[in-house]
$ cat run.txt   # compact mmCIF, C-alpha atoms and all ligand atoms
# COMPACT_ATOMS: atom_id res chain seq x y z
CA MET A 5 -16.69 -1.33 3.15
CA MET A 6 -19.41 0.13 5.23
CA ASN A 7 -20.56 -2.02 8.06
CA TRP A 8 -24.14 -3.31 7.83
CA THR A 9 -24.91 -2.55 11.47
CA LYS A 10 -24.32 1.19 10.94
CA ASP A 11 -27.15 1.71 8.46
CA PRO A 12 -29.28 -1.38 8.15
CA GLU A 13 -32.19 -1.56 5.75
CA LEU A 14 -33.44 -4.64 7.59
CA GLN A 15 -33.04 -5.65 11.22
CA VAL A 16 -34.06 -9.11 12.30
CA GLN A 17 -34.11 -9.48 16.08
CA HIS A 18 -34.66 -12.63 18.12
CA LEU A 19 -36.73 -14.20 15.37
CA THR A 20 -38.20 -17.57 16.29
CA MET A 21 -40.52 -19.69 14.18
CA ARG A 22 -41.91 -22.94 15.54
CA PHE A 23 -44.00 -25.48 13.73
CA GLY A 24 -45.51 -27.65 16.42
CA GLY A 25 -42.50 -29.12 18.20
CA LEU A 26 -40.04 -28.16 15.48
CA THR A 27 -38.07 -24.94 15.86
CA ALA A 28 -37.36 -23.97 12.27
CA ILE A 29 -35.73 -20.70 13.35
CA GLY A 30 -34.39 -20.15 16.86
CA ASP A 31 -33.59 -16.70 18.23
CA LEU A 32 -32.09 -15.38 15.01
CA SER A 33 -30.72 -11.85 14.83
CA PHE A 34 -28.94 -10.20 11.92
CA ASP A 35 -28.82 -6.93 10.01
CA ALA A 36 -28.87 -6.40 6.26
CA GLY A 37 -27.15 -3.22 5.12
CA ARG A 38 -28.46 -0.69 2.66
CA LYS A 39 -27.04 -1.08 -0.85
CA GLN A 40 -25.56 -4.38 0.17
CA ILE A 41 -25.98 -7.98 -0.84
CA THR A 42 -26.54 -10.09 2.26
CA ALA A 43 -26.38 -13.83 1.70
CA LEU A 44 -28.22 -16.28 3.90
CA ILE A 45 -26.55 -19.66 3.60
CA GLY A 46 -26.67 -23.03 5.32
CA PRO A 47 -27.45 -26.69 4.66
CA ASN A 48 -30.88 -27.76 3.39
CA GLY A 49 -33.49 -27.47 6.12
CA ALA A 50 -31.47 -24.84 8.00
CA GLY A 51 -34.44 -22.45 7.98
CA LYS A 52 -33.47 -20.02 5.20
CA THR A 53 -36.75 -20.07 3.29
CA THR A 54 -38.64 -19.82 6.57
CA VAL A 55 -36.76 -16.56 7.28
CA PHE A 56 -38.00 -15.24 3.91
CA ASN A 57 -41.53 -16.41 4.69
CA CYS A 58 -41.42 -14.45 7.96
CA ILE A 59 -39.99 -11.32 6.32
CA THR A 60 -42.60 -11.35 3.56
CA GLY A 61 -45.53 -12.02 5.88
CA PHE A 62 -46.27 -15.50 4.59
CA TYR A 63 -45.71 -16.78 8.13
CA LYS A 64 -46.34 -14.87 11.34
CA PRO A 65 -43.23 -15.48 13.47
CA THR A 66 -43.70 -17.11 16.84
CA GLU A 67 -41.44 -14.48 18.39
CA GLY A 68 -39.17 -11.65 17.40
CA MET A 69 -39.04 -8.40 15.49
CA ILE A 70 -38.39 -7.70 11.81
CA LYS A 71 -37.81 -4.02 11.20
CA LEU A 72 -37.42 -2.46 7.77
CA ARG A 73 -36.25 1.13 7.45
CA HIS A 74 -36.51 2.97 4.15
CA PRO A 75 -33.84 5.50 3.21
CA ASP A 76 -36.33 8.32 3.98
CA GLY A 77 -36.51 7.07 7.58
CA LYS A 78 -39.93 5.40 7.38
CA GLU A 79 -40.02 2.28 9.53
CA PHE A 80 -42.09 -0.85 9.24
CA LEU A 81 -42.49 -3.70 11.69
CA LEU A 82 -43.01 -6.51 9.22
CA GLU A 83 -43.97 -9.16 11.76
CA ARG A 84 -47.16 -7.20 12.40
CA MET A 85 -48.13 -6.64 8.79
CA ASP A 86 -50.09 -8.68 6.27
CA ASP A 87 -48.21 -9.97 3.27
CA PHE A 88 -49.90 -7.76 0.66
CA ILE A 89 -49.25 -4.64 2.79
CA ILE A 90 -45.61 -5.68 3.09
CA THR A 91 -45.37 -5.75 -0.70
CA GLN A 92 -47.25 -2.48 -1.21
CA LYS A 93 -46.13 -0.28 1.67
CA ALA A 94 -42.89 -1.72 3.02
CA LYS A 95 -41.85 -2.57 -0.54
CA VAL A 96 -40.36 -5.98 -0.08
CA ALA A 97 -40.27 -8.19 -3.19
CA ARG A 98 -39.25 -11.80 -3.42
CA THR A 99 -38.67 -14.66 -5.78
CA PHE A 100 -39.33 -18.28 -4.87
CA GLN A 101 -37.13 -21.33 -4.60
CA ASN A 102 -39.50 -22.93 -7.13
CA ILE A 103 -40.25 -20.49 -9.92
CA ARG A 104 -43.73 -18.97 -9.79
CA LEU A 105 -44.40 -17.15 -13.01
CA PHE A 106 -47.68 -17.00 -14.89
CA SER A 107 -46.45 -19.54 -17.38
CA GLY A 108 -49.28 -19.08 -19.88
CA MET A 109 -48.82 -15.32 -20.00
CA THR A 110 -46.23 -13.57 -22.11
CA LEU A 111 -43.14 -12.05 -20.55
CA LEU A 112 -44.60 -8.59 -21.03
CA GLU A 113 -47.86 -9.61 -19.40
CA ASN A 114 -46.00 -11.05 -16.42
CA LEU A 115 -44.24 -7.72 -15.91
CA MET A 116 -47.44 -5.70 -16.40
CA VAL A 117 -49.35 -7.77 -13.86
CA ALA A 118 -46.60 -7.01 -11.35
CA GLN A 119 -47.54 -3.33 -11.70
CA HIS A 120 -51.24 -3.90 -11.20
CA ASN A 121 -51.35 -2.11 -7.84
CA THR A 122 -49.70 1.03 -9.17
CA LEU A 123 -52.05 1.10 -12.13
CA MET A 124 -55.14 0.56 -10.03
CA ARG A 125 -54.14 3.41 -7.76
CA ALA A 126 -53.68 5.62 -10.83
CA SER A 127 -57.19 4.73 -11.98
CA GLY A 128 -58.62 5.86 -8.66
CA PHE A 129 -60.15 2.39 -8.60
CA THR A 130 -62.93 3.44 -10.95
CA ILE A 131 -63.76 2.59 -14.54
CA GLY A 132 -64.07 6.32 -15.20
CA GLY A 133 -60.51 6.70 -13.96
CA ILE A 134 -59.29 4.14 -16.46
CA PHE A 135 -61.06 5.60 -19.49
CA GLY A 136 -61.32 9.25 -18.55
CA SER A 137 -58.10 10.51 -17.13
CA GLY A 138 -54.75 11.31 -18.60
CA HIS A 139 -53.41 10.30 -15.21
CA PHE A 140 -54.07 6.63 -15.87
CA LYS A 141 -52.68 6.83 -19.40
CA ARG A 142 -49.47 8.32 -18.04
CA ALA A 143 -49.19 5.63 -15.41
CA GLU A 144 -49.78 2.97 -18.05
CA ASN A 145 -47.05 4.40 -20.26
CA GLU A 146 -44.67 4.44 -17.32
CA ALA A 147 -45.52 0.83 -16.57
CA ILE A 148 -44.77 -0.17 -20.15
CA GLU A 149 -41.48 1.72 -20.04
CA LYS A 150 -40.58 -0.13 -16.86
CA CYS A 151 -41.33 -3.46 -18.56
CA LYS A 152 -39.11 -2.52 -21.47
CA TYR A 153 -36.32 -1.43 -19.16
CA TRP A 154 -36.31 -4.67 -17.16
CA LEU A 155 -36.77 -6.93 -20.17
CA ASN A 156 -33.70 -5.32 -21.66
CA LYS A 157 -31.82 -5.51 -18.39
CA VAL A 158 -32.37 -9.26 -18.09
CA ASN A 159 -31.67 -9.77 -21.77
CA LEU A 160 -35.12 -10.99 -22.78
CA THR A 161 -36.45 -8.19 -24.98
CA GLU A 162 -36.68 -10.34 -28.07
CA ARG A 163 -38.82 -12.86 -26.22
CA ALA A 164 -41.26 -10.28 -24.82
CA ASP A 165 -44.29 -11.81 -26.58
CA ASP A 166 -43.49 -15.46 -25.86
CA ALA A 167 -45.19 -17.37 -23.07
CA ALA A 168 -43.09 -17.34 -19.91
CA GLY A 169 -43.45 -21.11 -19.62
CA ASP A 170 -41.64 -21.58 -22.93
CA LEU A 171 -38.45 -19.92 -21.70
CA PRO A 172 -35.43 -21.99 -20.71
CA TYR A 173 -34.99 -22.38 -16.99
CA GLY A 174 -32.26 -19.76 -16.57
CA ALA A 175 -34.30 -17.18 -18.46
CA GLN A 176 -37.34 -17.87 -16.26
CA ARG A 177 -35.16 -17.16 -13.24
CA ARG A 178 -34.12 -13.81 -14.72
CA LEU A 179 -37.72 -12.97 -15.61
CA GLU A 180 -38.74 -13.59 -12.02
CA ILE A 181 -36.16 -11.08 -10.86
CA ALA A 182 -37.38 -8.58 -13.46
CA ARG A 183 -40.94 -9.09 -12.27
CA ALA A 184 -39.92 -8.48 -8.66
CA MET A 185 -38.09 -5.30 -9.68
CA CYS A 186 -41.19 -4.02 -11.49
CA THR A 187 -42.90 -3.65 -8.10
CA ASN A 188 -40.36 -0.94 -7.12
CA PRO A 189 -39.02 -2.77 -4.07
CA ARG A 190 -36.64 -1.41 -1.45
CA LEU A 191 -35.62 -4.88 -0.37
CA LEU A 192 -35.30 -7.74 -2.83
CA CYS A 193 -35.33 -11.28 -1.44
CA LEU A 194 -34.09 -13.99 -3.78
CA ASP A 195 -34.50 -17.66 -2.88
CA GLU A 196 -31.82 -19.71 -4.64
CA PRO A 197 -31.75 -17.72 -7.89
CA ALA A 198 -28.73 -19.64 -9.21
CA ALA A 199 -30.20 -23.12 -8.68
CA GLY A 200 -30.18 -25.00 -11.96
CA LEU A 201 -28.13 -22.41 -13.82
CA ASN A 202 -25.08 -23.30 -15.88
CA PRO A 203 -21.81 -21.46 -15.11
CA ARG A 204 -22.36 -18.88 -17.85
CA GLU A 205 -25.87 -18.15 -16.64
CA SER A 206 -24.78 -17.89 -13.04
CA ASP A 207 -22.08 -15.47 -14.11
CA GLU A 208 -24.74 -13.34 -15.83
CA LEU A 209 -26.83 -13.53 -12.69
CA ASN A 210 -23.92 -12.19 -10.64
CA LYS A 211 -23.63 -9.19 -12.94
CA LEU A 212 -27.37 -8.57 -12.82
CA LEU A 213 -27.46 -8.63 -9.02
CA LEU A 214 -24.45 -6.34 -8.70
CA SER A 215 -26.10 -3.91 -11.08
CA ILE A 216 -29.37 -4.00 -9.14
CA ARG A 217 -27.42 -3.20 -5.99
CA ASP A 218 -25.28 -0.47 -7.48
CA ASP A 219 -27.49 1.17 -10.12
CA HIS A 220 -30.72 0.92 -8.16
CA ASN A 221 -29.36 1.32 -4.63
CA MET A 222 -31.05 -1.83 -3.49
CA ALA A 223 -30.67 -4.02 -0.47
CA ILE A 224 -30.66 -7.64 -1.59
CA LEU A 225 -31.16 -10.64 0.64
CA LEU A 226 -29.93 -13.74 -1.11
CA ILE A 227 -30.41 -17.40 -0.27
CA GLU A 228 -27.94 -19.37 -2.33
CA HIS A 229 -26.08 -22.67 -2.34
CA ASP A 230 -23.79 -21.84 -5.24
CA MET A 231 -20.66 -20.69 -3.43
CA SER A 232 -19.23 -19.04 -6.53
CA VAL A 233 -22.23 -16.70 -6.47
CA VAL A 234 -22.21 -16.25 -2.70
CA MET A 235 -18.48 -15.60 -2.35
CA GLY A 236 -18.35 -13.63 -5.59
CA ILE A 237 -20.96 -10.96 -4.93
CA SER A 238 -21.96 -10.87 -1.25
CA ASP A 239 -20.98 -8.01 1.00
CA HIS A 240 -22.10 -9.89 4.07
CA ILE A 241 -22.90 -13.52 4.83
CA VAL A 242 -25.10 -14.96 7.56
CA VAL A 243 -24.82 -18.71 8.11
CA LEU A 244 -27.66 -20.77 9.55
CA ASP A 245 -27.63 -24.33 10.77
CA TYR A 246 -30.67 -26.01 12.31
CA GLY A 247 -32.37 -22.61 12.53
CA ARG A 248 -29.56 -20.99 14.52
CA LYS A 249 -27.01 -18.46 13.39
CA ILE A 250 -23.56 -20.03 13.48
CA ALA A 251 -21.59 -17.31 11.71
CA ASP A 252 -21.99 -13.74 10.48
CA GLY A 253 -19.36 -11.75 8.61
CA THR A 254 -17.66 -10.79 5.39
CA PRO A 255 -17.03 -13.49 2.74
CA ASN A 256 -13.41 -13.66 3.91
CA GLU A 257 -14.37 -14.20 7.51
CA ILE A 258 -16.91 -16.86 6.57
CA LYS A 259 -14.53 -18.75 4.29
CA ASN A 260 -12.31 -19.64 7.21
CA ASP A 261 -14.92 -20.09 9.91
CA PRO A 262 -14.59 -23.53 11.55
CA ALA A 263 -18.29 -23.68 12.50
CA VAL A 264 -19.30 -23.14 8.89
CA ILE A 265 -17.03 -25.89 7.64
CA ARG A 266 -18.41 -28.22 10.29
CA ALA A 267 -21.99 -27.46 9.25
CA TYR A 268 -21.27 -28.07 5.59
CA LEU A 269 -19.36 -31.27 6.08
CA GLY A 270 -21.64 -32.55 8.79
CA VAL A 271 -18.68 -33.53 10.98
CA GLU A 272 -19.33 -35.00 14.43
CA GLU A 273 -18.16 -32.98 17.42
CA ASP A 274 -15.12 -35.16 18.21
CA GLU A 275 -13.93 -35.12 14.61
CA ASN A 276 -13.81 -31.33 14.53
CA GLU A 277 -10.08 -30.96 14.91
CA VAL A 278 -9.18 -32.87 11.80
CA ALA A 279 -11.79 -31.37 9.55
CA VAL A 280 -11.45 -27.83 10.72
CA GLY A 281 -7.71 -27.73 10.57
CA SER A 282 -7.44 -29.06 7.06
CA VAL A 283 -10.43 -27.80 5.12
CA LYS A 284 -11.56 -24.36 4.13
CA VAL A 285 -14.87 -23.36 2.61
CA ALA A 286 -12.85 -22.28 -0.40
CA ASP A 287 -11.73 -25.90 -0.81
CA LEU A 288 -15.32 -27.03 -0.65
CA VAL A 289 -16.12 -24.59 -3.40
CA ASN A 290 -13.27 -25.85 -5.53
CA GLU A 291 -14.32 -29.42 -5.10
CA GLY A 292 -17.92 -28.56 -5.79
CA LEU A 293 -18.86 -29.89 -2.38
CA ALA A 294 -20.79 -26.87 -1.28
CA VAL A 295 -22.76 -26.66 -4.46
CA HIS A 296 -26.49 -27.26 -4.29
CA ALA A 297 -26.86 -30.97 -5.00
CA ASN A 298 -24.17 -32.06 -2.63
CA VAL A 299 -25.10 -30.10 0.43
CA PRO A 300 -26.07 -32.60 3.11
CA THR A 301 -29.82 -32.89 3.30
CA ARG A 302 -31.40 -32.89 6.71
CA THR A 303 -34.42 -35.03 7.05
CA VAL A 304 -36.40 -33.45 9.81
CA PRO A 305 -39.89 -34.84 10.44
CA LYS A 306 -42.59 -32.52 9.10
CA VAL A 307 -44.91 -31.21 11.74
CA SER A 308 -48.00 -29.35 10.68
CA ALA A 309 -47.61 -25.62 11.07
CA SER A 310 -49.26 -23.58 13.74
CA PRO A 311 -48.55 -20.02 12.70
CA LYS A 312 -51.04 -17.40 13.86
CA LYS A 313 -52.17 -17.23 10.29
CA PRO A 314 -53.62 -20.48 9.00
CA VAL A 315 -50.83 -21.36 6.64
CA ALA A 316 -50.75 -25.02 7.38
CA THR A 317 -48.46 -26.42 4.77
CA LYS A 318 -45.95 -25.27 2.29
CA THR A 319 -47.44 -24.59 -1.10
CA VAL A 320 -45.97 -27.15 -3.40
CA VAL A 321 -45.12 -25.75 -6.78
CA LYS A 322 -43.72 -27.97 -9.45
CA LYS A 323 -40.34 -27.12 -10.93
CA PRO A 324 -40.82 -25.49 -14.30
CA ALA A 325 -38.34 -27.90 -15.80
CA ALA A 326 -40.89 -30.63 -15.30
CA LYS A 327 -43.86 -28.47 -16.11
CA LYS A 328 -44.30 -27.44 -19.71
CA GLY A 329 -46.64 -24.54 -19.16
CA GLY A 330 -47.84 -21.97 -21.59
CA ARG A 331 -48.73 -22.02 -25.24
CA LYS A 332 -47.34 -24.59 -27.51
N1 LIG B 401 -45.09 -24.95 6.92
C1 LIG B 401 -44.26 -25.76 7.54
N2 LIG B 401 -44.71 -26.76 8.34
C2 LIG B 401 -43.86 -27.57 8.98
N3 LIG B 401 -42.52 -27.51 8.89
C3 LIG B 401 -42.01 -26.54 8.10
C4 LIG B 401 -42.84 -25.62 7.38
N4 LIG B 401 -42.02 -24.78 6.68
C5 LIG B 401 -40.77 -25.17 6.94
N5 LIG B 401 -40.75 -26.22 7.80
C6 LIG B 401 -39.56 -26.90 8.34
O1 LIG B 401 -38.66 -25.93 8.79
C7 LIG B 401 -37.32 -26.34 8.54
C8 LIG B 401 -36.62 -25.31 7.73
O2 LIG B 401 -37.13 -25.32 6.41
P1 LIG B 401 -36.69 -24.29 5.30
O3 LIG B 401 -36.83 -22.92 5.85
O4 LIG B 401 -37.46 -24.60 4.08
O5 LIG B 401 -35.15 -24.64 5.12
P2 LIG B 401 -34.11 -24.18 3.99
O6 LIG B 401 -34.78 -23.16 3.12
O7 LIG B 401 -32.93 -23.66 4.74
O8 LIG B 401 -33.73 -25.42 3.23
C9 LIG B 401 -37.41 -27.68 7.85
O9 LIG B 401 -37.25 -28.69 8.80
C10 LIG B 401 -38.81 -27.67 7.27
O10 LIG B 401 -39.30 -28.97 7.12
MG MG B 402 -35.19 -23.20 1.09
$ encode --input "run.txt" --output "structure tokens"
Amino acid sequence: MMNWTKDPELQVQHLTMRFGGLTAIGDLSFDAGRKQITALIGPNGAGKTTVFNCITGFYKPTEGMIKLRHPDGKEFLLERMDDFIITQKAKVARTFQNIRLFSGMTLLENLMVAQHNTLMRASGFTIGGIFGSGHFKRAENEAIEKCKYWLNKVNLTERADDAAGDLPYGAQRRLEIARAMCTNPRLLCLDEPAAGLNPRESDELNKLLLSIRDDHNMAILLIEHDMSVVMGISDHIVVLDYGRKIADGTPNEIKNDPAVIRAYLGVEEDENEVAVGSVKVADLVNEGLAVHANVPTRTVPKVSASPKKPVATKTVVKKPAAKKGGRK
């Protein structure tokens, strides 16, 4: 197994993100290897989603550097770029902890919209370009082919014309990944893609992610609570607790790391000996302790954000399970 530090796609260095008095991420450094699945794990509130928000330009970090290097050698300092440029030029795509699809649009439409930028470029940004040139027609055909490819890949071809909001939860999760892939990313960031999936669906998800890594040579950054997914498919795991990195290694190294077990069980300092000696992360997995619902929830007081960009609060998006969007 190639080491991620030798040829990283992404280098996060000394990343700090403060919201008022709260340090959501403190001096975090890690590398994510090319063609590797890097999992970012840790208890609720550990700062995982905030890391994604910094990488994708949704937040401007308080300090630190986030460097992305494409296989052709092109480098991007993401902390200095606006979010839409990060998507277009640095080619970072993400999915959200709470699904954000256009629920009233069909699956096909969702995937076409994802390719809007490519199509607009092909049109030369003029109406003449859209109607006049074969160039646009070719680009449009390619976009449709891409939709077909990804619909098939996520097993949703027969539902192509249904409203996205009418899909079962697990299928919406897969569609979100397909939509992200339609933007031709180099780095794919997935925020809890297995949340709410049944074991069969999460098994399918594993296969999909491995295929994206292997058949499309992608670097994947994965936030996930489901340890069967994390341990099953990750090449590299970074563990956060209270915004700090407490462990970094292969799944095998992480499984037996005392600090990780402490973080997951929430053991007090003087109880360490007992817990650490007798429990392994693998046991937690077996007992279902490390699975989403049972991970200890940290209640940290919310302080209003003061990022350089005026993103004051988290956008609250309802879970699709509760929201019956789309046509009925
Ligand atoms: N916009 C924000 N304003 C204030 N606090 C925030 C904001 N975004 C995240 N936080 C805080 O940062 C901490 C880490 O949150 P988050 O990154 O969502 O954790 P995780 O994804 O690991 O569960 C939490 O305490 C959260 O309340
Ligand atoms: Mg989160």
$ closest_atom_pairs --input "run.txt" --of "stretch 17-81 of chain A" --to "stretch 203-222 of chain A" --cutoff "12 Å" --atoms "only C-alpha atoms" --output "CSV"
residue,atom,partner,partner_atom,distance
A:Ala36,CA,A:Met222,CA,11.0
A:Gly37,CA,A:Met222,CA,9.6
A:Arg38,CA,A:Met222,CA,6.8
A:Lys39,CA,A:Met222,CA,4.9
A:Gln40,CA,A:Arg217,CA,6.5
A:Ile41,CA,A:Arg217,CA,7.2
A:Thr42,CA,A:Arg217,CA,10.8
A:Ala43,CA,A:Leu213,CA,12.0
A:His74,CA,A:Met222,CA,10.5
A:Pro75,CA,A:Asn221,CA,10.0
$ write_last_selection --input "run.txt" --atoms "C-alpha atoms" --output "PDB file, keeping the file's coordinate frame"
ATOM      1  CA  ALA A  36     -28.870  -6.400   6.260  1.00  0.00           C
ATOM      2  CA  GLY A  37     -27.150  -3.220   5.120  1.00  0.00           C
ATOM      3  CA  ARG A  38     -28.460  -0.690   2.660  1.00  0.00           C
ATOM      4  CA  LYS A  39     -27.040  -1.080  -0.850  1.00  0.00           C
ATOM      5  CA  GLN A  40     -25.560  -4.380   0.170  1.00  0.00           C
ATOM      6  CA  ILE A  41     -25.980  -7.980  -0.840  1.00  0.00           C
ATOM      7  CA  THR A  42     -26.540 -10.090   2.260  1.00  0.00           C
ATOM      8  CA  ALA A  43     -26.380 -13.830   1.700  1.00  0.00           C
ATOM      9  CA  HIS A  74     -36.510   2.970   4.150  1.00  0.00           C
ATOM     10  CA  PRO A  75     -33.840   5.500   3.210  1.00  0.00           C
TER      11      PRO A  75
END
$ residues_around --input "run.txt" --residues "A:Leu32" --least-positions-apart "2" --cutoff "6 Å" --atoms "only C-alpha atoms" --output "PyMOL selection string"
chain A and resi 18-19+30
$ atom_distance --input "run.txt" --atom1 "atom CA of A:Ser33" --atom2 "atom N4 of ligand LIG 401 (chain B)"
19.0 Å
$ closest_residue --input "run.txt" --among "A:Ser127, A:Asn7, A:Thr110, A:Gln176" --to "A:Ala164" --atoms "all atoms listed in the file"
A:Thr110
$ atom_distance --input "run.txt" --atom1 "atom CA of A:Glu146" --atom2 "atom CA of A:Leu225"
27.1 Å
$ closest_residue --input "run.txt" --among "A:Phe106, A:Phe56, A:Phe129, A:Phe135" --to "A:Gly169" --atoms "only C-alpha atoms"
A:Phe106
$ residues_around --input "run.txt" --residues "A:Asp35" --least-positions-apart "5" --cutoff "6 Å" --atoms "only C-alpha atoms" --output "list in words"
Pro12, Leu14 and Gln15 of chain A
$ residues_near_ligand --input "run.txt" --ligand "ligand MG 402 (chain B)" --cutoff "12 Å" --atoms "all atoms listed in the file" --output "PyMOL selection string"
chain A and resi 28+44-57+99-102+194-197+199+226-229+244+247+296+301-302+318
$ closest_residue --input "run.txt" --among "A:Ala143, A:Leu111, A:Ile265, A:Leu155" --to "A:Met124" --atoms "all atoms listed in the file"
A:Ala143
$ atom_distance --input "run.txt" --atom1 "atom CA of A:Asp230" --atom2 "atom CA of A:Asp252"
17.8 Å
$ closest_residue --input "run.txt" --among "A:Ile89, A:Leu81, A:Met231, A:Val264" --to "A:Ala198" --atoms "all atoms listed in the file"
A:Met231
$ closest_residue --input "run.txt" --among "A:Ala182, A:Met85, A:Val243, A:Leu112" --to "ligand LIG 401 (chain B)" --atoms "all atoms listed in the file"
A:Val243
$ closest_residue --input "run.txt" --among "A:Arg248, A:Gly174, A:Thr130, A:Gly77" --to "ligand LIG 401 (chain B)" --atoms "only C-alpha atoms and all ligand atoms"
A:Arg248
$ residues_around --input "run.txt" --residues "A:Ala147" --least-positions-apart "2" --cutoff "10 Å" --atoms "only C-alpha atoms" --output "list in words"
Leu115, Met116, Val117, Ala118, Gln119, His120, Thr122, Leu123, Lys141, Arg142, Ala143, Glu144, Asn145, Glu149, Lys150, Cys151, Lys152, Tyr153, Cys186 and Thr187 of chain A
